[in-house]
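Pasted below: query.cif, mmCIF, C-alpha atoms.
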data_protein
#
loop_
_atom_site.label_atom_id
_atom_site.label_comp_id
_atom_site.auth_asym_id
_atom_site.auth_seq_id
_atom_site.Cartn_x
_atom_site.Cartn_y
_atom_site.Cartn_z
CA MET A 1 0.00 0.00 0.00
CA LEU A 2 3.00 2.30 -0.35
CA SER A 3 2.01 5.49 -2.06
CA ALA A 4 4.63 7.33 -4.08
CA ASP A 5 3.78 10.35 -1.93
CA PRO A 6 4.16 9.37 1.75
CA VAL A 7 1.74 12.06 2.94
CA GLU A 8 -1.00 11.23 0.45
CA GLY A 9 -0.73 7.59 1.57
CA LEU A 10 -1.20 8.39 5.27
CA GLY A 11 -4.96 7.82 5.31
CA ALA A 12 -4.64 4.33 3.86
CA LEU A 13 -1.85 3.52 6.32
CA ALA A 14 -3.63 4.93 9.38
CA ASN A 15 -7.30 4.10 9.08
CA ASP A 16 -7.04 0.30 9.24
CA LYS A 17 -4.98 0.44 12.45
CA ALA A 18 -7.60 0.13 15.16
CA TRP A 19 -5.10 0.89 17.96
CA LEU A 20 -4.08 4.16 16.28
CA VAL A 21 -7.64 5.25 15.48
CA ARG A 22 -8.59 4.52 19.09
CA ARG A 23 -5.63 6.53 20.38
CA GLY A 24 -6.90 9.55 18.44
CA ARG A 25 -10.58 9.02 19.22
CA ARG A 26 -11.04 12.51 20.73
CA LEU A 27 -9.39 14.34 17.85
CA ASP A 28 -11.08 16.80 15.52
CA VAL A 29 -8.37 18.86 13.83
CA THR A 30 -6.97 20.01 10.52
CA LEU A 31 -3.20 19.65 10.35
CA LEU A 32 -1.14 21.65 7.88
CA LEU A 33 1.89 19.56 6.99
CA GLU A 34 4.64 21.22 5.01
CA VAL A 35 7.22 19.10 3.19
CA GLY A 36 9.59 21.68 1.75
CA ASP A 37 7.48 23.89 -0.50
CA THR A 38 4.64 21.36 -0.78
CA SER A 39 1.78 21.71 1.68
CA TYR A 40 -0.94 19.28 2.70
CA LEU A 41 -4.06 19.65 4.79
CA LEU A 42 -4.87 16.53 6.80
CA ARG A 43 -8.44 16.40 8.08
CA ILE A 44 -8.45 14.16 11.17
CA HIS A 45 -11.68 13.21 12.88
CA ARG A 46 -12.08 10.62 15.68
CA GLY A 47 -8.63 9.21 14.95
CA ARG A 48 -9.27 8.66 11.23
CA VAL A 49 -7.51 10.61 8.50
CA GLU A 50 -10.62 11.56 6.56
CA ALA A 51 -8.97 13.63 3.82
CA VAL A 52 -5.53 14.62 2.59
CA ASP A 53 -5.54 17.63 0.28
CA LYS A 54 -2.41 18.70 -1.51
CA GLY A 55 -1.70 22.43 -1.95
CA PRO A 56 -0.97 25.04 -2.95
CA PHE A 57 -3.80 26.65 -0.99
CA VAL A 58 -5.09 30.20 -1.30
CA MET A 59 -6.52 30.66 2.19
CA PRO A 60 -5.88 27.50 4.21
CA ARG A 61 -7.47 27.09 7.67
CA TRP A 62 -5.77 24.73 10.06
CA THR A 63 -5.49 23.92 13.79
CA PHE A 64 -1.73 23.54 13.90
CA ALA A 65 1.08 23.29 11.39
CA LEU A 66 4.21 21.15 11.18
CA ARG A 67 6.83 22.47 8.77
CA ALA A 68 10.15 20.89 7.78
CA SER A 69 12.32 20.64 4.70
CA ARG A 70 11.88 17.80 2.20
CA ASP A 71 15.30 16.42 3.27
CA ALA A 72 14.35 16.48 6.96
CA TRP A 73 11.12 14.52 6.35
CA ALA A 74 12.93 12.08 4.04
CA THR A 75 15.47 11.43 6.81
CA PHE A 76 12.67 11.10 9.40
CA TRP A 77 10.95 8.52 7.16
CA GLN A 78 14.02 6.27 6.81
CA PRO A 79 13.32 2.81 8.32
CA ILE A 80 15.92 3.51 11.03
CA PRO A 81 16.44 7.27 11.12
CA PRO A 82 19.74 8.66 12.42
CA PRO A 83 19.99 10.50 15.78
CA GLY A 84 18.20 13.84 15.69
CA PHE A 85 15.70 12.70 13.06
CA ASN A 86 14.02 9.77 14.80
CA ASP A 87 11.32 11.82 16.50
CA LEU A 88 9.19 14.95 16.06
CA MET A 89 10.37 16.42 19.38
CA ALA A 90 14.00 15.70 18.43
CA MET A 91 13.49 17.71 15.23
CA ILE A 92 11.72 20.48 17.17
CA LYS A 93 14.73 20.71 19.48
CA THR A 94 17.18 21.05 16.57
CA ARG A 95 14.74 23.40 14.80
CA ALA A 96 14.53 21.11 11.78
CA LEU A 97 10.77 21.06 12.49
CA LYS A 98 8.55 24.01 13.32
CA LEU A 99 5.30 23.68 15.25
CA GLU A 100 2.85 26.56 14.82
CA GLY A 101 -0.73 27.29 15.78
CA ASP A 102 -2.78 25.67 18.55
CA GLN A 103 -0.37 23.33 20.33
CA HIS A 104 -3.00 21.89 22.67
CA PRO A 105 -4.32 19.06 20.46
CA PHE A 106 -0.75 18.25 19.40
CA PHE A 107 0.55 17.78 22.96
CA ALA A 108 -2.67 16.24 24.32
CA ASN A 109 -2.37 13.58 21.56
CA LEU A 110 1.39 13.53 21.18
CA LEU A 111 1.80 9.76 20.84
CA TYR A 112 -0.94 9.70 18.18
CA PHE A 113 0.81 12.29 16.01
CA LYS A 114 4.23 10.69 16.52
CA GLU A 115 2.88 7.30 15.46
CA LEU A 116 0.79 8.70 12.60
CA LEU A 117 3.60 10.68 11.00
CA ALA A 118 6.07 7.79 11.40
CA LEU A 119 3.82 5.37 9.45
CA PRO A 120 5.63 5.89 6.11
CA ARG A 121 8.72 4.31 7.76
CA ALA A 122 7.14 0.90 8.09
CA ALA A 123 5.65 1.25 4.61
CA SER A 124 9.05 2.02 3.12
CA GLU A 125 10.52 -1.18 4.58
CA GLY A 126 7.40 -3.28 3.88
CA GLY A 127 6.85 -3.71 7.60
CA THR A 128 3.62 -3.78 9.58
CA ARG A 129 4.55 -1.69 12.58
CA MET B 130 11.84 -9.66 28.27
CA SER B 131 11.87 -13.05 26.57
CA ALA B 132 9.21 -15.73 26.96
CA THR B 133 9.18 -17.46 30.34
CA PRO B 134 8.85 -21.25 30.05
CA ARG B 135 7.49 -21.58 33.61
CA PRO B 136 6.66 -19.30 36.52
CA GLU B 137 9.81 -17.90 37.99
CA LEU B 138 10.68 -15.79 41.03
CA GLU B 139 13.32 -13.19 40.25
CA PRO B 140 16.27 -12.69 42.62
CA VAL B 141 15.00 -9.13 43.29
CA THR B 142 13.47 -8.36 46.67
CA GLY B 143 11.66 -5.16 47.66
CA ARG B 144 11.31 -3.60 51.11
CA TYR B 145 10.16 -0.31 52.57
CA LEU B 146 12.54 1.96 54.42
CA ARG B 147 11.38 4.68 56.78
CA LEU B 148 13.57 7.68 57.40
CA ASP B 149 13.42 11.44 57.75
CA ILE B 150 14.60 13.69 54.95
CA GLN B 151 15.08 17.36 55.76
CA GLY B 152 13.05 16.86 58.94
CA LYS B 153 10.09 15.15 57.31
CA PRO B 154 9.15 11.46 57.67
CA HIS B 155 9.34 9.49 54.41
CA ARG B 156 8.54 5.95 53.37
CA PHE B 157 10.86 4.67 50.63
CA TYR B 158 10.58 1.67 48.39
CA VAL B 159 13.92 -0.10 47.89
CA GLU B 160 14.75 -3.08 45.68
CA GLU B 161 17.92 -5.12 45.74
CA ALA B 162 19.62 -8.25 44.49
CA GLY B 163 23.09 -9.77 44.58
CA ALA B 164 25.98 -9.55 47.03
CA GLY B 165 29.28 -7.70 47.17
CA ILE B 166 30.12 -4.09 46.38
CA PRO B 167 27.00 -1.93 46.90
CA LEU B 168 25.83 -0.43 43.59
CA LEU B 169 23.19 2.23 44.20
CA CYS B 170 21.09 2.92 41.08
CA LEU B 171 19.20 6.20 40.52
CA HIS B 172 16.27 6.38 38.11
CA THR B 173 15.47 9.18 35.64
CA ALA B 174 13.06 12.09 36.10
CA GLY B 175 9.41 11.08 36.31
CA ALA B 176 10.15 7.34 36.45
CA ASP B 177 11.10 4.74 39.08
CA SER B 178 13.46 1.93 40.00
CA ARG B 179 11.88 -0.57 37.56
CA GLN B 180 14.18 0.98 34.97
CA TYR B 181 16.98 -1.14 36.46
CA ARG B 182 15.15 -4.48 36.13
CA GLY B 183 17.76 -5.76 33.65
CA LEU B 184 20.75 -5.05 35.87
CA LEU B 185 18.87 -6.41 38.93
CA ASN B 186 18.50 -9.70 37.07
CA ASP B 187 21.98 -9.99 35.55
CA PRO B 188 23.78 -12.98 37.14
CA GLU B 189 27.22 -11.67 36.15
CA THR B 190 26.63 -8.35 37.93
CA LEU B 191 24.88 -9.92 40.93
CA ALA B 192 27.88 -12.21 41.55
CA ARG B 193 30.04 -9.21 42.45
CA PHE B 194 27.64 -6.39 43.27
CA ARG B 195 24.78 -5.79 45.67
CA VAL B 196 22.56 -3.88 43.26
CA ILE B 197 20.18 -1.49 45.06
CA ALA B 198 17.58 0.74 43.42
CA PHE B 199 15.16 2.95 45.33
CA ASP B 200 12.29 5.16 44.25
CA LEU B 201 12.74 8.84 45.03
CA PRO B 202 9.96 10.37 47.15
CA TRP B 203 6.89 11.07 44.95
CA HIS B 204 8.01 8.31 42.52
CA GLY B 205 7.09 4.65 42.06
CA LYS B 206 6.09 3.13 45.40
CA SER B 207 7.73 5.84 47.53
CA SER B 208 5.02 8.16 48.77
CA PRO B 209 5.21 11.92 48.81
CA PRO B 210 5.54 13.36 52.31
CA ALA B 211 2.41 14.23 54.29
CA GLY B 212 0.98 17.55 53.16
CA TRP B 213 1.91 16.97 49.52
CA HIS B 214 -1.49 18.15 48.35
CA LYS B 215 -0.69 21.71 49.41
CA ALA B 216 2.79 21.81 47.88
CA GLU B 217 4.13 22.12 44.36
CA TYR B 218 6.74 19.42 43.87
CA LYS B 219 10.10 20.83 42.74
CA LEU B 220 13.24 18.76 43.07
CA THR B 221 16.30 20.70 44.25
CA SER B 222 19.98 19.76 44.28
CA ARG B 223 20.01 20.05 48.07
CA ALA B 224 17.04 17.73 48.63
CA TYR B 225 18.32 15.24 46.04
CA VAL B 226 21.83 14.97 47.55
CA ASP B 227 20.43 14.82 51.11
CA THR B 228 18.02 12.06 50.10
CA ILE B 229 20.72 9.90 48.52
CA MET B 230 23.11 10.34 51.43
CA ALA B 231 20.32 9.58 53.93
CA VAL B 232 19.62 6.31 52.11
CA VAL B 233 23.35 5.46 51.99
CA ASP B 234 23.61 6.08 55.75
CA ALA B 235 20.35 4.34 56.67
CA MET B 236 21.35 1.21 54.73
CA ARG B 237 24.93 1.44 56.08
CA LEU B 238 26.41 1.20 52.61
CA ASP B 239 30.20 1.22 52.85
CA LYS B 240 31.86 2.88 49.85
CA PRO B 241 29.05 2.21 47.40
CA VAL B 242 29.21 2.83 43.71
CA ALA B 243 26.43 5.22 42.67
CA MET B 244 25.07 5.11 39.13
CA GLY B 245 22.40 7.54 37.99
CA CYS B 246 20.69 8.28 34.69
CA SER B 247 19.58 11.71 33.39
CA ILE B 248 18.73 13.64 36.57
CA GLY B 249 20.60 10.77 38.25
CA GLY B 250 23.50 11.34 35.87
CA ARG B 251 23.51 14.99 36.91
CA ILE B 252 23.30 14.33 40.65
CA VAL B 253 26.35 12.04 40.61
CA LEU B 254 28.29 15.20 39.62
CA HIS B 255 26.96 16.90 42.76
CA LEU B 256 27.85 13.78 44.76
CA ALA B 257 31.39 13.89 43.33
CA LEU B 258 31.75 17.52 44.42
CA GLU B 259 30.26 17.18 47.89
CA HIS B 260 30.83 13.58 48.92
CA GLY B 261 33.33 12.07 46.45
CA PRO B 262 35.42 10.18 49.03
CA ARG B 263 32.32 8.39 50.31
CA PHE B 264 31.95 6.56 46.99
CA ARG B 265 34.06 3.84 45.41
CA ALA B 266 33.12 5.16 41.97
CA LEU B 267 30.41 7.26 40.32
CA ILE B 268 28.74 6.47 37.01
CA GLY B 269 26.79 9.11 35.09
CA LEU B 270 24.46 7.79 32.40
CA GLU B 271 23.13 10.47 30.04
CA SER B 272 25.03 12.95 32.15
CA GLY B 273 25.53 16.61 31.33
CA ALA B 274 26.31 19.65 33.46
CA HIS B 275 23.14 21.46 32.31
CA ALA B 276 20.15 21.02 29.98
CA GLU B 277 18.12 23.69 28.21
CA PRO B 278 14.37 23.06 27.98
CA TYR B 279 13.14 22.89 24.37
CA TYR B 280 9.41 22.94 25.05
CA ASP B 281 7.11 24.67 27.53
CA LEU B 282 7.26 22.44 30.62
CA ASP B 283 3.72 23.53 31.59
CA TRP B 284 2.38 21.00 29.07
CA LEU B 285 3.48 18.26 31.48
CA HIS B 286 1.07 19.29 34.22
CA ARG B 287 -2.25 20.91 33.44
CA PRO B 288 -5.79 19.69 34.04
CA ASP B 289 -6.78 19.75 30.36
CA VAL B 290 -3.99 17.44 29.18
CA HIS B 291 -3.67 13.88 30.51
CA GLY B 292 -0.37 13.82 32.40
CA GLY B 293 0.39 10.17 31.75
CA GLU B 294 -0.26 10.48 28.03
CA VAL B 295 1.80 13.63 27.58
CA CYS B 296 4.74 12.50 29.74
CA GLY B 297 4.89 9.17 27.89
CA GLY B 298 4.57 10.98 24.57
CA MET B 299 7.22 13.53 25.45
CA ILE B 300 9.91 10.96 26.25
CA SER B 301 9.10 8.27 23.69
CA GLY B 302 11.48 9.69 21.07
CA LEU B 303 14.38 9.66 23.51
CA ILE B 304 14.40 5.88 23.11
CA ALA B 305 16.58 4.60 20.25
CA PRO B 306 14.55 3.35 17.25
CA THR B 307 16.27 -0.04 17.49
CA ALA B 308 15.09 -0.73 21.08
CA PRO B 309 13.04 -3.92 21.53
CA GLU B 310 9.32 -3.06 21.34
CA ALA B 311 8.46 -4.56 24.75
CA ASP B 312 11.20 -2.63 26.54
CA ARG B 313 10.37 0.58 24.65
CA TRP B 314 6.75 0.50 25.77
CA GLU B 315 7.62 -0.64 29.31
CA THR B 316 9.84 2.45 29.57
CA ILE B 317 7.02 4.67 28.29
CA TRP B 318 4.59 3.03 30.71
CA HIS B 319 6.72 4.01 33.73
CA TYR B 320 6.35 7.64 32.62
CA MET B 321 2.62 7.21 32.12
CA GLN B 322 2.34 6.08 35.76
CA GLY B 323 4.06 9.10 37.27
CA GLY B 324 2.09 11.32 39.64
CA PRO B 325 0.71 14.65 38.42
CA GLY B 326 3.47 17.23 38.13
CA VAL B 327 6.25 14.91 39.26
CA PHE B 328 8.12 14.73 35.94
CA LYS B 329 7.82 18.50 35.63
CA GLY B 330 9.06 18.95 39.22
CA ASP B 331 12.10 16.78 38.48
CA LEU B 332 12.84 18.87 35.40
CA HIS B 333 13.11 21.91 37.68
CA PHE B 334 16.31 20.29 38.93
CA TYR B 335 17.35 19.15 35.44
CA THR B 336 16.86 22.50 33.65
CA ALA B 337 17.37 25.09 36.40
CA ASP B 338 18.37 24.30 39.98
CA GLY B 339 20.87 21.53 39.18
CA ASP B 340 23.02 23.54 36.74
CA VAL B 341 26.55 22.59 37.74
CA ARG B 342 28.53 23.98 34.80
CA GLY B 343 30.46 26.40 36.96
CA ARG B 344 31.69 23.72 39.37
CA VAL B 345 32.40 20.52 37.44
CA ALA B 346 36.04 21.46 36.85
CA GLU B 347 36.52 21.04 40.62
CA ILE B 348 35.59 17.35 40.51
CA ASP B 349 38.57 15.29 41.68
CA THR B 350 38.55 11.92 39.94
CA ALA B 351 41.58 10.86 42.00
CA LYS B 352 39.31 10.84 45.06
CA CYS B 353 36.54 9.05 43.22
CA PRO B 354 36.63 7.72 39.64
CA LEU B 355 33.88 9.05 37.38
CA TYR B 356 32.53 7.19 34.35
CA LEU B 357 30.26 8.87 31.79
CA LEU B 358 28.18 6.89 29.29
CA THR B 359 25.64 8.43 26.91
CA GLY B 360 23.41 6.93 24.22
CA GLU B 361 23.82 8.20 20.65
CA TYR B 362 20.04 8.80 20.28
CA ASP B 363 19.74 10.97 23.38
CA TYR B 364 18.67 14.46 22.32
CA SER B 365 17.96 15.58 25.91
CA CYS B 366 21.51 15.04 27.12
CA THR B 367 23.34 14.67 23.82
CA PRO B 368 26.66 12.92 23.20
CA ALA B 369 28.05 16.43 22.60
CA ASP B 370 26.84 17.52 26.07
CA THR B 371 28.58 14.56 27.69
CA ARG B 372 31.79 15.05 25.69
CA ASP B 373 31.75 18.71 26.78
CA LEU B 374 31.35 17.60 30.40
CA ALA B 375 34.22 15.11 30.10
CA ARG B 376 36.47 17.83 28.68
CA ARG B 377 35.86 19.96 31.76
CA ILE B 378 36.78 17.20 34.25
CA GLU B 379 40.33 15.93 34.43
CA GLY B 380 40.39 12.14 34.38
CA ALA B 381 36.84 11.72 33.11
CA GLU B 382 36.11 9.95 29.84
CA ALA B 383 32.93 9.89 27.77
CA ILE B 384 31.73 6.61 26.28
CA ILE B 385 29.10 7.03 23.55
CA MET B 386 26.77 4.02 23.39
CA GLU B 387 25.59 3.13 19.88
CA GLY B 388 22.01 1.96 19.48
CA LEU B 389 20.89 3.45 22.79
CA GLY B 390 19.01 6.58 23.82
CA HIS B 391 18.21 8.38 27.07
CA PHE B 392 17.11 5.28 29.05
CA PRO B 393 19.83 2.70 28.27
CA MET B 394 19.19 0.36 31.22
CA SER B 395 15.44 0.27 30.56
CA GLU B 396 14.96 0.66 26.80
CA ASN B 397 17.43 -2.08 25.88
CA PRO B 398 18.70 -3.88 29.01
CA GLU B 399 20.73 -6.49 27.12
CA LEU B 400 22.61 -3.97 24.99
CA PHE B 401 23.22 -1.74 28.02
CA LEU B 402 24.82 -4.66 29.88
CA GLU B 403 27.39 -4.97 27.11
CA TYR B 404 28.48 -1.40 27.82
CA ILE B 405 28.24 -1.39 31.62
CA ARG B 406 29.75 -4.80 32.47
CA PRO B 407 33.32 -3.75 31.49
CA VAL B 408 32.93 -0.55 33.56
CA LEU B 409 31.74 -2.52 36.58
CA ALA B 410 34.54 -5.06 36.08
CA GLU B 411 37.10 -2.26 36.10
CA ILE B 412 35.60 -0.77 39.27
CA ALA B 413 35.51 -4.17 40.99
CA SER B 414 39.11 -4.96 40.11
CA ALA B 415 40.59 -1.54 40.95
CA PRO B 416 43.37 -1.90 43.49
CA LYS B 417 42.37 -1.17 47.07
CA ALA B 418 45.03 1.54 47.25
CA ALA B 419 43.01 3.64 44.86
CA HIS B 420 40.27 3.75 47.47
CA ALA B 421 42.42 3.99 50.56
CA THR B 422 41.38 7.49 51.56
CA ASP B 423 37.85 6.56 52.49
CA ALA B 424 37.63 5.65 56.07
CA ALA B 425 39.71 8.68 57.04
CA SER B 426 37.65 11.12 55.03
CA ARG B 427 34.24 9.89 56.11
CA VAL B 428 32.23 12.59 57.77
#
What does this structure look like when you write it as structure tokens?
Amino acid sequence: MLSADPVEGLGALANDKAWLVRRGRRLDVTLLLEVGDTSYLLRIHRGRVEAVDKGPFVMPRWTFALRASRDAWATFWQPIPPPGFNDLMAMIKTRALKLEGDQHPFFANLLYFKELLALPRAASEGGTR
Amino acid sequence: MSATPRPELEPVTGRYLRLDIQGKPHRFYVEEAGAGIPLLCLHTAGADSRQYRGLLNDPETLARFRVIAFDLPWHGKSSPPAGWHKAEYKLTSRAYVDTIMAVVDAMRLDKPVAMGCSIGGRIVLHLALEHGPRFRALIGLESGAHAEPYYDLDWLHRPDVHGGEVCGGMISGLIAPTAPEADRWETIWHYMQGGPGVFKGDLHFYTADGDVRGRVAEIDTAKCPLYLLTGEYDYSCTPADTRDLARRIEGAEAIIMEGLGHFPMSENPELFLEYIRPVLAEIASAPKAAHATDAASRV
């Protein structure tokens, strides 16, 4: 089920994982994800990724945004990422990743977002994690 | 841990210890196993002594060391002192050192080795400065002289965010990606079980009160050897932080542990043993002369 675009494939990777959907069961947010100069809006409701729209957008509305370079995300999505790129908070510390907007749903559901955004790793190695 | 073919009692025993710290009665939970040189193990911020379950079950270590791990007040099965509900918990260097020395005295530990991780790795630097001759050796895991916070610590303790979920989520990435799944999630679970505000209160020591940058150069490793080991995936206390610390202390050496993060003894106990066994062997085989100053310098 590996999509050529890791972000566009997130819904297919996430929505059949009952444990992940359950972890995000209280979520109702729109996440702006920026991979270099490409932006995506992820509509997440009750733990399911209901839509992934690819930009550019004229007037996007979102709850919070995560922005990093294409290289940073590519390194993060390696099956075994190197130190500094294995975790969203690691990349926030080194400023490779920027978090903007309403941080509350991000921190209140931190494990959900860490697991969700790491899903392309398992896909890229054919794993089932 | 691997599959257990039949029910098995571990060699680890737990007891409660009552003693006063800074004039207040406390009830501590203490685990131990093995016999020989006392090896006092200090857990990380917001966690408890279960982090040392691998070492407490390692036959090679238990043959030469009496491994002891206790839960700090407010952590694990050690209760907070009476009146906790009207106090904000904030760990200080003074309280932390006094607590460790009170436990050493109460258990009559003669020249123990103390090994601490993270906040424990920081406090062994304070122990080296204030009580070095009382220890046979000190081991700092994920040890740096200071740490800058990189997120708003208030997220760790507020009524509209589940403390267990956010503390577990905050530390999960400090575990190396190659850690065994069971040990990774056991380590996260310990954080999820912490009391409200306890992890945040420990980080007061880690990010503010326990800053020891200005004093580490005074550490005398001739009085007490100091070993520093840090995991390559630790972005809280980075390998660079530990190397910087080692440069400031004459006679200290930094060992960078590949494939490990901020919780080496808990996230991957087997791999950690490969790094710590040679250190413990060196400490155990050090000539007595190297430790001859003790009895005389005991307070």
Write out, as a tab-separated table, each residue of chain B that has an atom at most 6 Å from chain A, together with the closest pair of atoms and their distance in Å to one decimal, counting all atoms listed in the file, rows going by chain and rising number.
residue	atom	partner	partner_atom	distance
B:Tyr279	CA	A:Lys93	CA	5.6
B:Val290	CA	A:Ala108	CA	5.2
B:Gly298	CA	A:Leu111	CA	4.8
B:Gly302	CA	A:Asp87	CA	5.0
B:Tyr362	CA	A:Pro83	CA	4.8
Please enumerate the residues selected by the PyMOL selection byres ((chain B and resi 254) around 8) when evaluated against the supplied file, formatted as a PyMOL selection string. chain B and resi 250-253+255-258+269+274+341+345+348
Please provide the set of residues having any atom within 6 Å of segment 173-187 of chain B, restricted to all atoms listed in the file, with same-chain residues fewer than 4 positions apart removed, written as an MDAnalysis selection string. chainID B and resid 162 198:200 204:205 246:249 319:320 323 327:328 331 394:395 398
Any chance you can output those residues with C-alpha atoms as a CSV table (one decimal), keeping the file's coordinate frame?
chain,number,residue,atom,x,y,z
B,162,ALA,CA,19.6,-8.2,44.5
B,198,ALA,CA,17.6,0.7,43.4
B,199,PHE,CA,15.2,3.0,45.3
B,200,ASP,CA,12.3,5.2,44.2
B,204,HIS,CA,8.0,8.3,42.5
B,205,GLY,CA,7.1,4.6,42.1
B,246,CYS,CA,20.7,8.3,34.7
B,247,SER,CA,19.6,11.7,33.4
B,248,ILE,CA,18.7,13.6,36.6
B,249,GLY,CA,20.6,10.8,38.2
B,319,HIS,CA,6.7,4.0,33.7
B,320,TYR,CA,6.4,7.6,32.6
B,323,GLY,CA,4.1,9.1,37.3
B,327,VAL,CA,6.2,14.9,39.3
B,328,PHE,CA,8.1,14.7,35.9
B,331,ASP,CA,12.1,16.8,38.5
B,394,MET,CA,19.2,0.4,31.2
B,395,SER,CA,15.4,0.3,30.6
B,398,PRO,CA,18.7,-3.9,29.0
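The shortest atom-to-atom distance to Glu160 of chain B, with only C-alpha atoms taken into account, belongs to B:Met236 out of B:Met236, B:Ala216, B:Ala192, B:Ile268.
Counting only C-alpha atoms, the residue from B:Glu361, B:Glu411, B:Glu217, B:Glu137 that sits nearest to Thr307 of chain B is B:Glu361.
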Using the chain letters and numbers from this file, what does the PyMOL selection byres ((chain A and resi 66) around 10) select? Give the answer as a PyMOL selection string. chain A and resi 31-35+39+64-65+67-68+88+92+97-101
Explicit residues for the PyMOL selection byres ((chain A and resi 7-13) around 8) (as a ChimeraX atom specification): /A:1-6,14-17,40,48-54,116-117,119-120
Which residues, protein or nucleic acid, reach to within 12 Å of (15.0, 17.0, -1.2) in the file's coordinates when using only C-alpha atoms, and can you give that as a PyMOL selection string? chain A and resi 35-38+68-75
Between atom CA of Ile304 of chain B and atom CA of Glu277 of chain B lies a distance of 18.9 Å
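Atom CA of Glu139 of chain B is positioned 27.5 Å from atom CA of Ala231 of chain B.
Of the listed residues B:Leu355, B:Leu201, B:Ala413, B:Val141, the one whose atoms come nearest to Tyr158 of chain B is B:Leu201, with distances taken using all atoms listed in the file.
Separating atom CA of Pro167 of chain B from atom CA of Leu148 of chain B is a distance of 19.6 Å.
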Set the distance at 8 Å and use all atoms listed in the file: which residues neighbour Gly261 of chain B once local chain neighbours fewer than 5 positions away are removed? I'd like the list as a PyMOL selection string. chain B and resi 256+349+352-353
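Every polymer residue reaching to within 10 Å of (17.2, 7.5, 50.5), counting all atoms listed in the file, appears in this list: Leu146, Arg147, Leu148, Asp149, Ile150, His155, Arg156, Phe157, Tyr158, Val159, Ala198, Phe199, Asp200, Leu201, Pro202, Tyr225, Val226, Asp227, Thr228, Ile229, Met230, Ala231, Val232, Val233, Asp234, Ala235 and Met236 of chain B.
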Tell me which protein, DNA and RNA residues are within 9 Å of Ala381 of chain B, counting only C-alpha atoms, leaving out same-chain ones fewer than 2 positions away, and put them as a tab-separated table (two decimals) with C-alpha atoms, in the frame of the given file.
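Everything below was put into result02.tsv:
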chain	number	residue	atom	x	y	z
B	350	THR	CA	38.55	11.92	39.94
B	354	PRO	CA	36.63	7.72	39.64
B	355	LEU	CA	33.88	9.05	37.38
B	356	TYR	CA	32.53	7.19	34.35
B	357	LEU	CA	30.26	8.87	31.79
B	374	LEU	CA	31.35	17.60	30.40
B	375	ALA	CA	34.22	15.11	30.10
B	376	ARG	CA	36.47	17.83	28.68
B	377	ARG	CA	35.86	19.96	31.76
B	378	ILE	CA	36.78	17.20	34.25
B	379	GLU	CA	40.33	15.93	34.43
B	383	ALA	CA	32.93	9.89	27.77
Would you list the contacts of Arg23 of chain A as a PyMOL selection string, taking every protein, DNA or RNA residue within 9 Å and counting only C-alpha atoms, but skipping same-chain residues closer than 2 positions in sequence? chain A and resi 18-21+25-26+46-47+109+111-112
Using all atoms of segment 406-417 of chain B listed in the file and a margin of 6 Å per side, can you give the axis-aligned box centre and edge lengths in Å to one decimal, as JSON?
{"center_x": 36.6, "center_y": -2.8, "center_z": 39.3, "size_x": 25.6, "size_y": 16.5, "size_z": 27.6}
Gly388 of chain B environment, 9 Å, only C-alpha atoms, sequence neighbours closer than 2 positions dropped, as a PyMOL selection string: chain B and resi 305-308+360-362+386+390+397+400
